[in-house]
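File shown: upload_35.pdb (PDB, C-alpha atoms, pLDDT in the B column).
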ATOM      1  CA  PRO D   1      -1.698 -31.666  21.019  1.00 84.00           C
ATOM      2  CA  ASP D   2      -0.445 -32.550  17.547  1.00 80.00           C
ATOM      3  CA  TYR D   3      -3.916 -32.749  15.922  1.00 90.00           C
ATOM      4  CA  PRO D   4      -3.447 -30.594  12.757  1.00 89.00           C
ATOM      5  CA  ALA D   5      -7.015 -29.389  12.181  1.00 92.00           C
ATOM      6  CA  ALA D   6      -7.488 -28.228  15.781  1.00 95.00           C
ATOM      7  CA  ASN D   7      -4.181 -26.356  15.720  1.00 95.00           C
ATOM      8  CA  PHE D   8      -5.040 -24.679  12.414  1.00 95.00           C
ATOM      9  CA  TYR D   9      -8.414 -23.528  13.747  1.00 95.00           C
ATOM     10  CA  MET D  10      -6.755 -22.271  16.925  1.00 96.00           C
ATOM     11  CA  GLY D  11      -4.251 -20.369  14.800  1.00 96.00           C
ATOM     12  CA  ASN D  12      -7.069 -18.708  12.888  1.00 96.00           C
ATOM     13  CA  LEU D  13      -8.773 -17.676  16.112  1.00 97.00           C
ATOM     14  CA  TYR D  14      -5.557 -16.226  17.509  1.00 97.00           C
ATOM     15  CA  MET D  15      -5.134 -14.266  14.251  1.00 96.00           C
ATOM     16  CA  LYS D  16      -8.613 -12.803  14.681  1.00 96.00           C
ATOM     17  CA  ILE D  17      -7.835 -11.591  18.214  1.00 97.00           C
ATOM     18  CA  GLN D  18      -4.417 -10.365  17.026  1.00 97.00           C
ATOM     19  CA  ASP D  19      -2.370 -12.649  19.253  1.00 97.00           C
ATOM     20  CA  TYR D  20       0.171 -13.427  16.559  1.00 98.00           C
ATOM     21  CA  GLU D  21       2.695 -15.213  18.758  1.00 97.00           C
ATOM     22  CA  LEU D  22       0.130 -17.819  19.774  1.00 97.00           C
ATOM     23  CA  ALA D  23      -1.072 -18.013  16.176  1.00 97.00           C
ATOM     24  CA  ILE D  24       2.474 -18.894  15.115  1.00 97.00           C
ATOM     25  CA  GLU D  25       2.729 -21.510  17.846  1.00 96.00           C
ATOM     26  CA  SER D  26      -0.551 -23.116  16.769  1.00 96.00           C
ATOM     27  CA  TYR D  27       0.235 -23.122  13.057  1.00 96.00           C
ATOM     28  CA  ARG D  28       3.686 -24.592  13.623  1.00 95.00           C
ATOM     29  CA  SER D  29       2.221 -27.286  15.884  1.00 93.00           C
ATOM     30  CA  GLY D  30      -0.310 -28.140  13.207  1.00 92.00           C
ATOM     31  CA  LEU D  31       2.315 -28.341  10.488  1.00 93.00           C
ATOM     32  CA  GLY D  32       4.595 -30.530  12.589  1.00 90.00           C
ATOM     33  CA  SER D  33       7.417 -31.922  10.478  1.00 90.00           C
ATOM     34  CA  LYS D  34       5.865 -30.439   7.293  1.00 89.00           C
ATOM     35  CA  ILE D  35       7.143 -26.970   8.093  1.00 91.00           C
ATOM     36  CA  LYS D  36       8.235 -26.444   4.474  1.00 93.00           C
ATOM     37  CA  THR D  37       5.867 -28.699   2.573  1.00 93.00           C
ATOM     38  CA  GLY D  38       2.574 -28.304   4.416  1.00 92.00           C
ATOM     39  CA  ASN D  39      -0.680 -26.731   3.254  1.00 93.00           C
ATOM     40  CA  TYR D  40       0.109 -23.591   1.246  1.00 95.00           C
ATOM     41  CA  LYS D  41      -2.656 -21.562   2.905  1.00 95.00           C
ATOM     42  CA  ILE D  42      -1.377 -22.386   6.386  1.00 95.00           C
ATOM     43  CA  LEU D  43       2.161 -21.486   5.363  1.00 97.00           C
ATOM     44  CA  TYR D  44       0.816 -18.173   4.055  1.00 97.00           C
ATOM     45  CA  LEU D  45      -1.000 -17.508   7.357  1.00 97.00           C
ATOM     46  CA  LEU D  46       2.164 -18.364   9.266  1.00 97.00           C
ATOM     47  CA  GLY D  47       4.074 -15.847   7.156  1.00 98.00           C
ATOM     48  CA  SER D  48       1.334 -13.270   7.754  1.00 97.00           C
ATOM     49  CA  SER D  49       1.639 -13.782  11.521  1.00 98.00           C
ATOM     50  CA  TYR D  50       5.390 -13.149  11.395  1.00 98.00           C
ATOM     51  CA  GLN D  51       4.773 -10.095   9.215  1.00 97.00           C
ATOM     52  CA  ARG D  52       2.336  -8.657  11.775  1.00 97.00           C
ATOM     53  CA  LEU D  53       5.038  -9.047  14.420  1.00 97.00           C
ATOM     54  CA  GLY D  54       7.533  -7.208  12.230  1.00 97.00           C
ATOM     55  CA  ASN D  55       9.714 -10.260  11.605  1.00 98.00           C
ATOM     56  CA  LEU D  56      10.054  -9.715   7.867  1.00 98.00           C
ATOM     57  CA  ASP D  57      12.776 -12.299   7.295  1.00 97.00           C
ATOM     58  CA  LYS D  58      10.609 -15.080   8.759  1.00 97.00           C
ATOM     59  CA  ALA D  59       7.571 -13.770   6.898  1.00 98.00           C
ATOM     60  CA  LYS D  60       9.516 -13.892   3.631  1.00 98.00           C
ATOM     61  CA  GLU D  61      10.645 -17.438   4.378  1.00 97.00           C
ATOM     62  CA  PHE D  62       7.106 -18.759   4.843  1.00 98.00           C
ATOM     63  CA  PHE D  63       5.601 -16.851   1.932  1.00 98.00           C
ATOM     64  CA  GLU D  64       8.282 -18.488  -0.220  1.00 97.00           C
ATOM     65  CA  TYR D  65       7.375 -21.937   1.186  1.00 97.00           C
ATOM     66  CA  SER D  66       3.725 -21.231   0.353  1.00 97.00           C
ATOM     67  CA  LEU D  67       4.587 -20.281  -3.224  1.00 97.00           C
ATOM     68  CA  ASN D  68       6.838 -23.311  -3.604  1.00 96.00           C
ATOM     69  CA  ASN D  69       3.855 -25.518  -2.767  1.00 96.00           C
ATOM     70  CA  LYS D  70       1.386 -23.608  -4.968  1.00 96.00           C
ATOM     71  CA  ASN D  71       3.034 -21.265  -7.420  1.00 96.00           C
ATOM     72  CA  SER D  72      -0.282 -19.771  -8.568  1.00 95.00           C
ATOM     73  CA  TYR D  73      -1.285 -18.560  -5.075  1.00 97.00           C
ATOM     74  CA  THR D  74      -1.580 -14.820  -5.687  1.00 97.00           C
ATOM     75  CA  LYS D  75      -2.057 -13.820  -2.040  1.00 97.00           C
ATOM     76  CA  ALA D  76       1.313 -15.317  -1.108  1.00 98.00           C
ATOM     77  CA  ARG D  77       3.000 -13.748  -4.137  1.00 98.00           C
ATOM     78  CA  PHE D  78       1.638 -10.319  -3.236  1.00 98.00           C
ATOM     79  CA  ALA D  79       2.549 -10.755   0.430  1.00 98.00           C
ATOM     80  CA  LEU D  80       6.092 -11.670  -0.584  1.00 98.00           C
ATOM     81  CA  ALA D  81       6.287  -8.611  -2.863  1.00 98.00           C
ATOM     82  CA  ASN D  82       5.053  -6.462   0.025  1.00 98.00           C
ATOM     83  CA  VAL D  83       7.733  -7.803   2.378  1.00 98.00           C
ATOM     84  CA  LEU D  84      10.432  -7.227  -0.231  1.00 98.00           C
ATOM     85  CA  TYR D  85       9.123  -3.684  -0.722  1.00 98.00           C
ATOM     86  CA  SER D  86       9.309  -3.084   3.047  1.00 97.00           C
ATOM     87  CA  GLN D  87      12.911  -4.322   2.971  1.00 97.00           C
ATOM     88  CA  GLN D  88      13.596  -1.867   0.102  1.00 97.00           C
ATOM     89  CA  ASN D  89      14.374  -4.744  -2.228  1.00 97.00           C
ATOM     90  CA  TYR D  90      12.559  -2.865  -4.950  1.00 97.00           C
ATOM     91  CA  GLU D  91      13.741  -4.764  -8.005  1.00 97.00           C
ATOM     92  CA  GLU D  92      12.697  -8.188  -6.742  1.00 98.00           C
ATOM     93  CA  SER D  93       9.428  -6.801  -5.378  1.00 98.00           C
ATOM     94  CA  LYS D  94       8.691  -5.259  -8.773  1.00 98.00           C
ATOM     95  CA  GLN D  95       9.226  -8.589 -10.538  1.00 98.00           C
ATOM     96  CA  TYR D  96       6.701 -10.359  -8.311  1.00 98.00           C
ATOM     97  CA  LEU D  97       4.159  -7.563  -8.795  1.00 98.00           C
ATOM     98  CA  LEU D  98       4.538  -7.643 -12.569  1.00 98.00           C
ATOM     99  CA  GLU D  99       4.042 -11.420 -12.476  1.00 97.00           C
ATOM    100  CA  ILE D 100       0.783 -10.901 -10.582  1.00 98.00           C
ATOM    101  CA  ILE D 101      -0.437  -8.338 -13.103  1.00 97.00           C
ATOM    102  CA  ASP D 102       0.440 -10.686 -15.982  1.00 96.00           C
ATOM    103  CA  ASN D 103      -1.320 -13.675 -14.416  1.00 95.00           C
ATOM    104  CA  GLU D 104      -4.222 -11.934 -12.663  1.00 95.00           C
ATOM    105  CA  PRO D 105      -4.740  -8.471 -14.233  1.00 95.00           C
ATOM    106  CA  SER D 106      -7.676  -7.583 -11.963  1.00 95.00           C
ATOM    107  CA  TYR D 107      -5.593  -7.762  -8.743  1.00 97.00           C
ATOM    108  CA  ILE D 108      -5.704  -4.034  -7.951  1.00 97.00           C
ATOM    109  CA  LYS D 109      -3.445  -4.238  -4.888  1.00 97.00           C
ATOM    110  CA  ALA D 110      -0.540  -5.139  -7.176  1.00 98.00           C
ATOM    111  CA  TYR D 111      -0.990  -1.911  -9.154  1.00 98.00           C
ATOM    112  CA  GLU D 112      -1.233   0.148  -5.969  1.00 98.00           C
ATOM    113  CA  LEU D 113       1.948  -1.265  -4.442  1.00 98.00           C
ATOM    114  CA  LEU D 114       3.763  -1.007  -7.765  1.00 98.00           C
ATOM    115  CA  VAL D 115       2.861   2.691  -7.984  1.00 98.00           C
ATOM    116  CA  ASN D 116       4.219   3.228  -4.470  1.00 97.00           C
ATOM    117  CA  LEU D 117       7.413   1.447  -5.475  1.00 98.00           C
ATOM    118  CA  PHE D 118       7.874   3.670  -8.537  1.00 98.00           C
ATOM    119  CA  LEU D 119       7.178   6.784  -6.471  1.00 97.00           C
ATOM    120  CA  ASP D 120       9.772   5.758  -3.880  1.00 96.00           C
ATOM    121  CA  THR D 121      12.334   5.240  -6.628  1.00 96.00           C
ATOM    122  CA  LYS D 122      11.393   8.545  -8.346  1.00 96.00           C
ATOM    123  CA  LYS D 123      10.232   6.790 -11.525  1.00 97.00           C
ATOM    124  CA  TYR D 124       7.282   9.097 -11.995  1.00 97.00           C
ATOM    125  CA  ASN D 125       6.469   8.164 -15.591  1.00 97.00           C
ATOM    126  CA  GLN D 126       6.091   4.514 -14.656  1.00 97.00           C
ATOM    127  CA  ALA D 127       4.102   5.460 -11.568  1.00 98.00           C
ATOM    128  CA  ARG D 128       1.654   7.346 -13.770  1.00 97.00           C
ATOM    129  CA  GLU D 129       1.525   4.518 -16.309  1.00 97.00           C
ATOM    130  CA  TYR D 130       0.522   1.924 -13.718  1.00 98.00           C
ATOM    131  CA  SER D 131      -1.847   4.313 -11.971  1.00 98.00           C
ATOM    132  CA  MET D 132      -3.732   4.657 -15.239  1.00 97.00           C
ATOM    133  CA  LYS D 133      -3.615   0.917 -15.925  1.00 97.00           C
ATOM    134  CA  GLY D 134      -4.934   0.217 -12.440  1.00 97.00           C
ATOM    135  CA  ILE D 135      -7.781   2.698 -12.822  1.00 97.00           C
ATOM    136  CA  ASP D 136      -8.702   1.067 -16.130  1.00 96.00           C
ATOM    137  CA  ILE D 137      -9.007  -2.201 -14.206  1.00 95.00           C
ATOM    138  CA  ASN D 138     -10.787  -0.725 -11.183  1.00 95.00           C
ATOM    139  CA  SER D 139     -12.197   2.782 -11.441  1.00 96.00           C
ATOM    140  CA  LYS D 140     -13.000   2.776  -7.692  1.00 96.00           C
ATOM    141  CA  SER D 141      -9.360   2.926  -6.553  1.00 97.00           C
ATOM    142  CA  TYR D 142      -9.281   6.184  -4.574  1.00 97.00           C
ATOM    143  CA  PHE D 143      -5.648   5.365  -3.775  1.00 97.00           C
ATOM    144  CA  LEU D 144      -4.597   5.521  -7.438  1.00 98.00           C
ATOM    145  CA  TYR D 145      -6.537   8.731  -8.106  1.00 98.00           C
ATOM    146  CA  SER D 146      -4.777  10.285  -5.119  1.00 98.00           C
ATOM    147  CA  GLN D 147      -1.383   9.198  -6.435  1.00 97.00           C
ATOM    148  CA  LEU D 148      -2.236  10.703  -9.806  1.00 98.00           C
ATOM    149  CA  ALA D 149      -3.029  13.980  -8.046  1.00 98.00           C
ATOM    150  CA  PHE D 150       0.396  13.870  -6.390  1.00 97.00           C
ATOM    151  CA  LEU D 151       2.038  13.249  -9.783  1.00 98.00           C
ATOM    152  CA  ASP D 152       0.042  16.081 -11.343  1.00 98.00           C
ATOM    153  CA  ASN D 153       1.386  18.458  -8.695  1.00 97.00           C
ATOM    154  CA  GLU D 154       4.914  17.257  -9.408  1.00 96.00           C
ATOM    155  CA  ASN D 155       4.331  18.058 -13.100  1.00 96.00           C
ATOM    156  CA  GLN D 156       2.843  21.473 -12.235  1.00 96.00           C
ATOM    157  CA  GLU D 157      -0.522  20.392 -13.662  1.00 97.00           C
ATOM    158  CA  TYR D 158      -2.464  21.849 -10.763  1.00 97.00           C
ATOM    159  CA  SER D 159      -5.947  21.927 -12.281  1.00 97.00           C
ATOM    160  CA  GLN D 160      -5.607  18.258 -13.197  1.00 98.00           C
ATOM    161  CA  ALA D 161      -4.357  17.533  -9.675  1.00 98.00           C
ATOM    162  CA  ILE D 162      -7.515  19.091  -8.266  1.00 98.00           C
ATOM    163  CA  GLU D 163      -9.682  16.933 -10.538  1.00 98.00           C
ATOM    164  CA  ASN D 164      -7.938  13.702  -9.561  1.00 98.00           C
ATOM    165  CA  ALA D 165      -7.915  14.603  -5.865  1.00 98.00           C
ATOM    166  CA  LYS D 166     -11.643  15.332  -5.979  1.00 97.00           C
ATOM    167  CA  GLU D 167     -12.255  12.024  -7.762  1.00 98.00           C
ATOM    168  CA  ALA D 168     -10.399  10.223  -4.955  1.00 98.00           C
ATOM    169  CA  LEU D 169     -12.445  12.098  -2.348  1.00 98.00           C
ATOM    170  CA  SER D 170     -15.684  11.198  -4.109  1.00 97.00           C
ATOM    171  CA  LEU D 171     -14.721   7.543  -3.614  1.00 97.00           C
ATOM    172  CA  LYS D 172     -13.434   7.917  -0.043  1.00 97.00           C
ATOM    173  CA  ARG D 173     -14.488  10.981   1.854  1.00 94.00           C
ATOM    174  CA  ASN D 174     -11.749  12.813   3.770  1.00 93.00           C
ATOM    175  CA  TYR D 175      -8.983  10.552   2.432  1.00 96.00           C
ATOM    176  CA  GLY D 176      -5.860  12.191   3.827  1.00 96.00           C
ATOM    177  CA  PRO D 177      -3.389  11.942   0.897  1.00 97.00           C
ATOM    178  CA  ALA D 178      -6.046  13.241  -1.523  1.00 98.00           C
ATOM    179  CA  LEU D 179      -6.803  16.194   0.761  1.00 97.00           C
ATOM    180  CA  ILE D 180      -3.096  17.034   0.950  1.00 97.00           C
ATOM    181  CA  ALA D 181      -2.760  16.836  -2.850  1.00 98.00           C
ATOM    182  CA  LEU D 182      -5.872  19.008  -3.213  1.00 98.00           C
ATOM    183  CA  ALA D 183      -4.552  21.599  -0.753  1.00 97.00           C
ATOM    184  CA  THR D 184      -1.127  21.643  -2.423  1.00 97.00           C
ATOM    185  CA  ALA D 185      -2.601  22.263  -5.873  1.00 98.00           C
ATOM    186  CA  ASN D 186      -4.755  25.095  -4.544  1.00 97.00           C
ATOM    187  CA  VAL D 187      -1.741  26.699  -2.865  1.00 97.00           C
ATOM    188  CA  TYR D 188       0.121  26.765  -6.164  1.00 97.00           C
ATOM    189  CA  LEU D 189      -2.960  28.287  -7.814  1.00 97.00           C
ATOM    190  CA  CYS D 190      -3.182  30.842  -4.971  1.00 96.00           C
ATOM    191  CA  ASN D 191      -6.665  29.632  -3.988  1.00 96.00           C
ATOM    192  CA  LYS D 192      -6.219  30.330  -0.272  1.00 95.00           C
ATOM    193  CA  ILE D 193      -9.758  29.568   0.875  1.00 96.00           C
ATOM    194  CA  ALA D 194      -9.878  26.208  -0.911  1.00 97.00           C
ATOM    195  CA  ALA D 195      -6.376  25.305   0.308  1.00 97.00           C
ATOM    196  CA  ASP D 196      -7.190  26.211   3.918  1.00 96.00           C
ATOM    197  CA  ASP D 197     -10.361  24.109   3.799  1.00 96.00           C
ATOM    198  CA  ALA D 198      -8.464  21.050   2.504  1.00 97.00           C
ATOM    199  CA  PHE D 199      -5.672  21.509   5.060  1.00 96.00           C
ATOM    200  CA  LYS D 200      -8.224  21.728   7.884  1.00 95.00           C
ATOM    201  CA  LYS D 201      -9.781  18.408   6.906  1.00 95.00           C
ATOM    202  CA  ALA D 202      -6.370  16.772   6.341  1.00 95.00           C
ATOM    203  CA  LYS D 203      -5.259  17.443   9.945  1.00 93.00           C
ATOM    204  CA  ARG D 204      -7.098  14.313  11.024  1.00 92.00           C
ATOM    205  CA  TYR D 205      -4.784  12.311   8.777  1.00 91.00           C
ATOM    206  CA  ASP D 206      -1.362  13.793   9.619  1.00 92.00           C
ATOM    207  CA  ARG D 207      -1.281  16.914  11.789  1.00 92.00           C
ATOM    208  CA  ARG D 208       2.515  17.290  11.674  1.00 94.00           C
ATOM    209  CA  GLN D 209       2.740  17.104   7.887  1.00 94.00           C
ATOM    210  CA  VAL D 210      -0.175  19.510   7.483  1.00 95.00           C
ATOM    211  CA  LYS D 211       1.454  22.008   9.872  1.00 95.00           C
ATOM    212  CA  GLN D 212       4.628  21.978   7.771  1.00 95.00           C
ATOM    213  CA  LEU D 213       2.644  22.411   4.566  1.00 96.00           C
ATOM    214  CA  GLN D 214       0.610  25.263   6.037  1.00 95.00           C
ATOM    215  CA  ASP D 215       3.814  27.104   6.969  1.00 96.00           C
ATOM    216  CA  TRP D 216       4.995  26.710   3.374  1.00 96.00           C
ATOM    217  CA  ALA D 217       1.575  27.759   2.040  1.00 96.00           C
ATOM    218  CA  ASN D 218       1.526  30.941   4.104  1.00 95.00           C
ATOM    219  CA  GLN D 219       4.877  31.939   2.660  1.00 95.00           C
ATOM    220  CA  HIS D 220       3.706  31.135  -0.853  1.00 95.00           C
ATOM    221  CA  PHE D 221       0.555  33.247  -0.510  1.00 95.00           C
ATOM    222  CA  LYS D 222       2.768  36.210   0.426  1.00 93.00           C
ATOM    223  CA  SER D 223       5.128  35.671  -2.509  1.00 93.00           C
ATOM    224  CA  PRO D 224       4.992  37.507  -5.855  1.00 94.00           C
ATOM    225  CA  ALA D 225       3.407  34.388  -7.395  1.00 92.00           C
ATOM    226  CA  CYS D 226       0.138  35.213  -5.635  1.00 93.00           C
ATOM    227  CA  LYS D 227       0.163  38.990  -6.066  1.00 82.00           C
TER
END

Would you mind writing the file's structure down as structure tokens?
Amino acid sequence: PDYPAANFYMGNLYMKIQDYELAIESYRSGLGSKIKTGNYKILYLLGSSYQRLGNLDKAKEFFEYSLNNKNSYTKARFALANVLYSQQNYEESKQYLLEIIDNEPSYIKAYELLVNLFLDTKKYNQAREYSMKGIDINSKSYFLYSQLAFLDNENQEYSQAIENAKEALSLKRNYGPALIALATANVYLCNKIAADDAFKKAKRYDRRQVKQLQDWANQHFKSPACK
């Protein structure tokens, strides 16, 4: 019962079938007394299991153990940044993400989470800066193009918003946030047919949000701005 390799393999299997409680039990059995100093990958997987169960404090604890044992392990550093972001510890999360970008500039997930963090904290200039940096690293990030479209709408650059939203949709068809950004830009430009088409497709992503936006759009189309 205390054979490490068998417990680690069992933990991996439980992760695959999404039984995270049994995964935790197996990983902890495999680690035994080395709960803080064991294999950094197993400690990372243990943290991931806690994260899937919504226990962010325990997830943070084991991601930190993983990093303590291998400071260069980017997956654990990003996972820790993600947990801190979920806990709204934005400053500490940002520091970990910037460390990732400094040490491994091609890690696109770090740019994407960092942009979300800047959007949540209303730092739109920095959100745009890291969206552009991320796209320079990976031009296939539909997520970052969609965020740029959102920022364009905030800056009343509606034609540019349409371009960035369409670029996101060319990379991932019917991507909800891009469709919403596309519809929003077309509402401001009084392009009712194009806005209605984007809203219709976006309903699959978030019907409640789209309904609210459509109510706003209908009022806007009747306003002097569209006369």

Taking the file as shown, what set of residues would the PyMOL selection byres ((chain D and resi 32) around 12) give back, as a ChimeraX atom specification? /D:1-5,7-8,25-31,33-39,42-43

Item to check | Sphere at (-1.9, -12.9, -11.2), radius 12 Å, counting all atoms listed in the file: residues as JSON, numbers by chain | outcome: {"D": [71, 72, 73, 74, 75, 76, 77, 78, 95, 96, 97, 98, 99, 100, 101, 102, 103, 104, 105, 106, 107, 108, 109, 110, 111]}

Run the PyMOL selection byres ((chain D and resi 168) around 10) mentally over the shown coordinates, then write out the matched residues as a PyMOL selection string, using the chain letters and numbers from the document. chain D and resi 140-149+162-167+169-175+177-179

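Here CA of Gln209 in chain D stands at a distance of 14.8 Å from CA of Phe150 in chain D.
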
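The residue set within 10 Å of Asn186 in chain D, counting only C-alpha atoms and dropping same-chain residues fewer than 4 places from it, reads Asn153, Tyr158, Ser159, Ala161, Ile162, Ile180, Ala181, Leu182, Cys190, Asn191, Lys192, Ile193, Ala194, Ala195, Asp196, Ala198 and Ala217 of chain D.
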
Convert the current residue selection to file output with C-alpha atoms, as an mmCIF file, in the frame of the given file.
data_model
loop_
_atom_site.group_PDB
_atom_site.id
_atom_site.type_symbol
_atom_site.label_atom_id
_atom_site.label_comp_id
_atom_site.auth_asym_id
_atom_site.auth_seq_id
_atom_site.Cartn_x
_atom_site.Cartn_y
_atom_site.Cartn_z
ATOM 1 C CA ASN D 153 1.386 18.458 -8.695
ATOM 2 C CA TYR D 158 -2.464 21.849 -10.763
ATOM 3 C CA SER D 159 -5.947 21.927 -12.281
ATOM 4 C CA ALA D 161 -4.357 17.533 -9.675
ATOM 5 C CA ILE D 162 -7.515 19.091 -8.266
ATOM 6 C CA ILE D 180 -3.096 17.034 0.950
ATOM 7 C CA ALA D 181 -2.760 16.836 -2.850
ATOM 8 C CA LEU D 182 -5.872 19.008 -3.213
ATOM 9 C CA CYS D 190 -3.182 30.842 -4.971
ATOM 10 C CA ASN D 191 -6.665 29.632 -3.988
ATOM 11 C CA LYS D 192 -6.219 30.330 -0.272
ATOM 12 C CA ILE D 193 -9.758 29.568 0.875
ATOM 13 C CA ALA D 194 -9.878 26.208 -0.911
ATOM 14 C CA ALA D 195 -6.376 25.305 0.308
ATOM 15 C CA ASP D 196 -7.190 26.211 3.918
ATOM 16 C CA ALA D 198 -8.464 21.050 2.504
ATOM 17 C CA ALA D 217 1.575 27.759 2.040
#

*Val210 in chain D: which residues within 7 Å, counting only C-alpha atoms, same-chain residues fewer than 5 positions away excluded, as a ChimeraX atom specification?*
/D:199,202-203

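Restricting the calculation to all atoms listed in the file, the smallest distance between Leu46 in chain D and any of D:Ile24, D:Leu67, D:Ala183, D:Ile135 is found for D:Ile24.
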
One residue among D:Met132, D:Lys60, D:Lys94, D:Lys201 is nearest to Leu114 in chain D when using only C-alpha atoms, and that residue is D:Lys94

_Point-to-point distance from CA of Met15 in chain D to CA of Ser66 in chain D, Å rounded to tenths_ =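 Interatomic distance, CA of Met15 in chain D to CA of Ser66 in chain D: 17.9 Å.
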
- Query: What gap, in Å, lies between CA of Asn116 in chain D and CA of Gly47 in chain D?
  - Reply: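 Between CA of Asn116 in chain D and CA of Gly47 in chain D the gap works out to 22.3 Å.
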
- request: Using only C-alpha atoms, collect all residues at a distance of at most 10 Å from (6.1, -7.3, 0.5) as written in the file, then present them as a list of chain:residue names.
  value: D:Gln51, D:Leu56, D:Ala59, D:Lys60, D:Phe63, D:Ala76, D:Arg77, D:Phe78, D:Ala79, D:Leu80, D:Ala81, D:Asn82, D:Val83, D:Leu84, D:Tyr85, D:Ser86, D:Gln87, D:Gln88, D:Asn89, D:Tyr90, D:Glu92, D:Ser93, D:Lys94, D:Tyr96, D:Leu97, D:Leu113

Restricting the calculation to only C-alpha atoms: of D:Tyr44, D:Glu112, D:Asn69, D:Gly176, which residue gets closest to Arg207 in chain D?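 The shortest atom-to-atom distance to Arg207 in chain D comes from D:Gly176.
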
Item to check | Selected residue of minimal separation from Lys200 in chain D among D:Tyr188, D:Lys58, D:Gln214, D:Lys70, counting only C-alpha atoms | outcome: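 Using only C-alpha atoms, the shortest distance to Lys200 in chain D belongs to D:Gln214.
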
Show me, as lines of an AutoDock Vina configuration file, the centre and edge lengths in Å to one decimal of the axis-aligned box that covers every listed atom of range 178-196 of chain D with 3 Å on each side.
center_x = -4.9
center_y = 22.0
center_z = -1.9
size_x = 16.0
size_y = 23.6
size_z = 17.7
